[in-house]
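The structure under discussion appears below in the form of structure tokens.
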Amino acid sequence: MRTPASEIAVTARRISKNYGAVEALRNLSLDFPRGQLTSLLGPSGCGKTTLLKIIAGLLEPTSGEVEVNGKAVTGPGPDRAFVFQDFALLPWANVLRNVAFGLELRGIARSEREAIAEGYIRNVGLAGFEASYPHELSGGMRQRVGLARALSVDAQVLLMDEPFSAVDEQTRRKFQEDLLSLVQREAKTFIFVTHSIEEAVYVSDQIAILLPRPSRVSEIIRPGGFRNKGADQIRRDPEYLDIVDEIWASLRRYVE
Amino acid sequence: MMPQRSLMLTLLSAGLVFGAWQIAGMIPVSYAFPTFLETMSALLRMVLDGTLFVAFGETLKPLLVGIAISAALGIGLGLWIGLSSWFDWLFSPIFIVMQAAPLAALIPLLVMVYGIGLTSKVFVVCIMAMPVIVLNTSGAVRNTPTPLKEMGRSFLGSERDIVLKIILPAASPIIFSGLRLGVSAGFIGAVLAELKITPTGVGDIISYSRSIADYPSMYAAIFSIIVLAVLFLNLLERLEDFLFEGNNRGYASDT
Ligand SMILES: Nc1ncnc2c1ncn2[C@@H]1O[C@H](COP(=O)(O)OP(=O)(O)OP(=O)(O)O)[C@@H](O)[C@H]1O
Ligand SMILES: [Mg+2]
């Protein structure tokens, strides 16, 4: 199944990245279809965060290039927003200021940015916590602050680095369902890093499986059929279960 | 912590120290060690006849000038050193040496160069106060959590925004603890300068009353300068609370 070029939001072309002697990525190429959620799945240390930061423009690749909407990436840009694995919230700022911080850095006037931020705070279910400080929130709530901050700047591409790693299993499932409806509601391209095979299969339109260092894409899987079934049906769907098994079979030899 | 409880604890600890002082003075530990009450009455006398205020007027001049210079220059330099490895290489050693140098040995040198006036005293205060402010600031700036800086960059913050809105606030608790240490050291420097260069202000009361064996007055002067230092540090804490509200994250036992 080929996707026409205009339907590709982000392209990574022959990306290599060395950290000194450590070769993290070698010749990695991957397309991210517009409006869809692509997961990067692979063993720990294989370079998922590295790839995400290169797409974000936070890291320079040693060679190769990233294009967003056909334009080469040279640094961070307004078309991409990052949800950090460790939240990266300002501990001295309350929820409202944290969520509005991306807009504050873009020089949006206070009343305007706070109005926007309040809307997203409500969207992620944190209404009433606007004046709380990060240390007063649970891990899952902090994660949602980070998500609301990324949504507020209204970037077309959302880069999420293991956004659900800090929450318990119940919350995680809730977040995954929220994420699915977010993908449907917002016409955005999501790039999502995860360790969890089930999670990747559950939320993704496309899954890229990365091999251990030096990393490249070994396989691309597009779970299709069960996507429009109800949230609770997906986990029981035979195709869902088959794909989980298939991915596990190809990854297990690296987990020893 | 509840304000009342914290006030009570403060009063309690003050009561304990003063009680111990009173008893030690009554034993006496040394003929040159007055009791707490004798010291307080000497203090009251100096307050009433105005000697103390005149003395403070003298002492505060080099102290405030020195602390203002140390704070402004120290934070500025510390920021620079923390942001640029080149500046770090160039300047850090100077402040490390300054912090380690025995100040008393440097005073004759300062007097030779700058005379016995205000300039020398300001220098003494700065030499005492600045290194810790610079070193704390640069250390804190250098150790700003990388994720926060990356966050700033990824949301398109300018260099200036990242310094002002991320690096400085993140470093502020340690900068302020450097300021507190620097201010305390500055107080020591101010009195030291008055004892070693020319006897003026509080230093004059201390050395004069010692020379006529009026120990209660001597201790009263020392006590008053300590009280002033504590008040100053409190003021600094207020300033920190005012500027960086979120820094005050309570005690672990509060919940
Ligand atoms: N700043 C760095 N300096 C040196 N090596 C690094 C640096 N960052 C990452 N690496 C190396 O690059 C490799 C890929 O790291 P990366 O963080 O991208 O992995 P990851 O796939 O995100 O792992 P995880 O799933 O554990 O988060 C690792 O082997 C790591 O040791
Ligand atoms: Mg990672």
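Residues in the structure tokens are named by chain (A, B, ... in the order shown) and by number from 1 within that chain; ligands are numbered from 1 in the order shown.
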
Which chain B residues are at most 12 Å from chain A (counting only C-alpha atoms), as a PDB file with C-alpha atoms, in the first residue's frame?
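Printed below is selection01.pdb as written:
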ATOM      1  CA  THR B 144      20.207  23.356  34.634  1.00  0.00           C
ATOM      2  CA  PRO B 145      18.310  20.165  33.778  1.00  0.00           C
ATOM      3  CA  THR B 146      18.932  19.433  30.088  1.00  0.00           C
ATOM      4  CA  PRO B 147      15.299  18.412  29.492  1.00  0.00           C
ATOM      5  CA  LEU B 148      14.140  21.889  30.517  1.00  0.00           C
ATOM      6  CA  LYS B 149      16.567  23.551  28.117  1.00  0.00           C
ATOM      7  CA  GLU B 150      15.536  21.171  25.336  1.00  0.00           C
ATOM      8  CA  MET B 151      11.907  21.952  26.080  1.00  0.00           C
ATOM      9  CA  GLY B 152      12.663  25.657  25.721  1.00  0.00           C
ATOM     10  CA  ARG B 153      14.412  25.103  22.402  1.00  0.00           C
ATOM     11  CA  SER B 154      11.741  22.801  21.035  1.00  0.00           C
ATOM     12  CA  PHE B 155       9.057  25.393  21.799  1.00  0.00           C
ATOM     13  CA  LEU B 156      11.116  27.971  19.896  1.00  0.00           C
ATOM     14  CA  GLY B 157      12.415  29.977  22.846  1.00  0.00           C
ATOM     15  CA  SER B 158      15.088  32.541  21.978  1.00  0.00           C
ATOM     16  CA  GLU B 159      18.466  32.329  23.729  1.00  0.00           C
ATOM     17  CA  ARG B 160      17.390  35.242  25.884  1.00  0.00           C
ATOM     18  CA  ASP B 161      14.066  33.651  26.825  1.00  0.00           C
ATOM     19  CA  ILE B 162      15.776  30.400  27.691  1.00  0.00           C
ATOM     20  CA  VAL B 163      18.208  32.182  29.992  1.00  0.00           C
ATOM     21  CA  LEU B 164      15.599  34.434  31.616  1.00  0.00           C
ATOM     22  CA  LYS B 165      12.631  32.087  31.786  1.00  0.00           C
ATOM     23  CA  ILE B 166      14.284  28.719  32.268  1.00  0.00           C
ATOM     24  CA  ILE B 167      17.936  28.821  33.315  1.00  0.00           C
ATOM     25  CA  LEU B 168      17.725  31.641  35.871  1.00  0.00           C
ATOM     26  CA  PRO B 169      14.564  30.467  37.632  1.00  0.00           C
ATOM     27  CA  ALA B 170      15.870  26.896  37.663  1.00  0.00           C
ATOM     28  CA  ALA B 171      19.115  28.105  39.200  1.00  0.00           C
ATOM     29  CA  SER B 172      17.445  30.545  41.579  1.00  0.00           C
ATOM     30  CA  PRO B 173      17.311  28.349  44.710  1.00  0.00           C
ATOM     31  CA  GLU B 240      13.110  34.944  46.945  1.00  0.00           C
ATOM     32  CA  ASP B 241       9.558  33.986  47.903  1.00  0.00           C
ATOM     33  CA  PHE B 242       8.286  37.066  46.137  1.00  0.00           C
ATOM     34  CA  LEU B 243      10.272  36.516  42.955  1.00  0.00           C
ATOM     35  CA  PHE B 244      10.046  32.736  42.703  1.00  0.00           C
ATOM     36  CA  GLU B 245       6.917  31.640  44.449  1.00  0.00           C
ATOM     37  CA  GLY B 246       7.171  28.053  43.249  1.00  0.00           C
ATOM     38  CA  ASN B 247      10.602  27.619  44.870  1.00  0.00           C
ATOM     39  CA  ASN B 248       8.983  27.377  48.243  1.00  0.00           C
ATOM     40  CA  ARG B 249       7.786  23.826  48.055  1.00  0.00           C
ATOM     41  CA  GLY B 250       7.348  23.261  51.745  1.00  0.00           C
ATOM     42  CA  ALA B 252       8.926  16.992  53.214  1.00  0.00           C
ATOM     43  CA  THR B 255       2.183  16.830  53.218  1.00  0.00           C
TER      44      THR B 255
END

Next on the checklist: ligand 1: which residues are within 7 Å, counting only C-alpha atoms and all ligand atoms? Reply as a PyMOL selection string.
Outcome noted: chain A and resi 19-20+22+24+42-51+195+213

Item to check | Picked from stretch 8-254 of chain B by DSSP as helix (DSSP H, G or I), as a PyMOL selection string | outcome: chain B and resi 8-26+36-48+51-83+85-100+103-114+118-142+146-154+159-196+201-211+215-243+245-247

Next on the checklist: I'd like the contact shell of B:Val124 - 8 Å cut-off, only C-alpha atoms, skipping same-chain residues fewer than 3 positions apart - returned as a PyMOL selection string.
Outcome noted: chain B and resi 103+107+120-121+127-128+189-190+193

Item to check | Residue neighbourhood A:Leu25, 12 Å, only C-alpha atoms, exclusion window fewer than 4 positions, as a PyMOL selection string | outcome: chain A and resi 12-19+21+29+45-52+54+61-64+210-217

Item to check | Contacts of stretch 162-165 of chain A within 12 Å, only C-alpha atoms, excl. fewer than 3 positions in-chain, as a ChimeraX atom specification | outcome: /A:39-42,44,48-49,52,82-88,139-147,150,158-159,168-179,190-196,199-200

Next on the checklist: Quick one: residues within 8 Å of A:Val68, only C-alpha atoms, excluding same-chain residues fewer than 4 positions away - as a ChimeraX atom specification?
Outcome noted: /A:9-11,72-73,79

Take the residues just selected and output them with C-alpha atoms as an mmCIF file, in the first residue's frame.
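Once everything was written out, this is result15.cif:
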data_model
loop_
_atom_site.group_PDB
_atom_site.id
_atom_site.type_symbol
_atom_site.label_atom_id
_atom_site.label_comp_id
_atom_site.auth_asym_id
_atom_site.auth_seq_id
_atom_site.Cartn_x
_atom_site.Cartn_y
_atom_site.Cartn_z
ATOM 1 C CA ALA A 9 3.892 14.716 6.657
ATOM 2 C CA VAL A 10 7.370 13.751 7.789
ATOM 3 C CA THR A 11 10.113 11.908 5.949
ATOM 4 C CA ALA A 72 14.283 20.121 5.292
ATOM 5 C CA VAL A 73 14.529 20.382 9.070
ATOM 6 C CA ASP A 79 5.204 22.732 12.791
#

Next on the checklist: With only C-alpha atoms as the counted atoms, please give the residues lying no more than 8 Å from stretch 230-235 of chain A, apart from itself and same-chain residues fewer than 5 positions off, as a PyMOL selection string.
Outcome noted: chain A and resi 177+202+240-241

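Take atom CA of A:Ile116 and atom CA of A:Asn98: the distance between them is 12.3 Å.
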
Checklist entry - Using only C-alpha atoms and all ligand atoms, which of the listed residues (A:Asp245, A:Glu239, A:Glu67, A:Asp161) sits closest to ligand 2? => result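 Comparing A:Asp245, A:Glu239, A:Glu67, A:Asp161 against ligand 2, the winner is A:Asp161.
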
Checklist entry - What is the atom CA of A:Ser181-atom CA of A:Pro33 distance in Å, reported with one decimal? => result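 Answer for the atom CA of A:Ser181 to atom CA of A:Pro33 separation: 17.7 Å.
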
Checklist entry - Suppose you want the space between atom CA of B:Gly186 and atom CA of B:Ile222; what is it in Å? => result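 Taking atom CA of B:Gly186 as the start and atom CA of B:Ile222 as the end point, the length is 14.8 Å.
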
Next on the checklist: Here is a test: counting only C-alpha atoms, which residue of B:Ile67, B:Val122, B:Leu37, B:Val29 is nearest to B:Pro216?
Outcome noted: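 Using only C-alpha atoms, B:Pro216 sits closest to B:Leu37.
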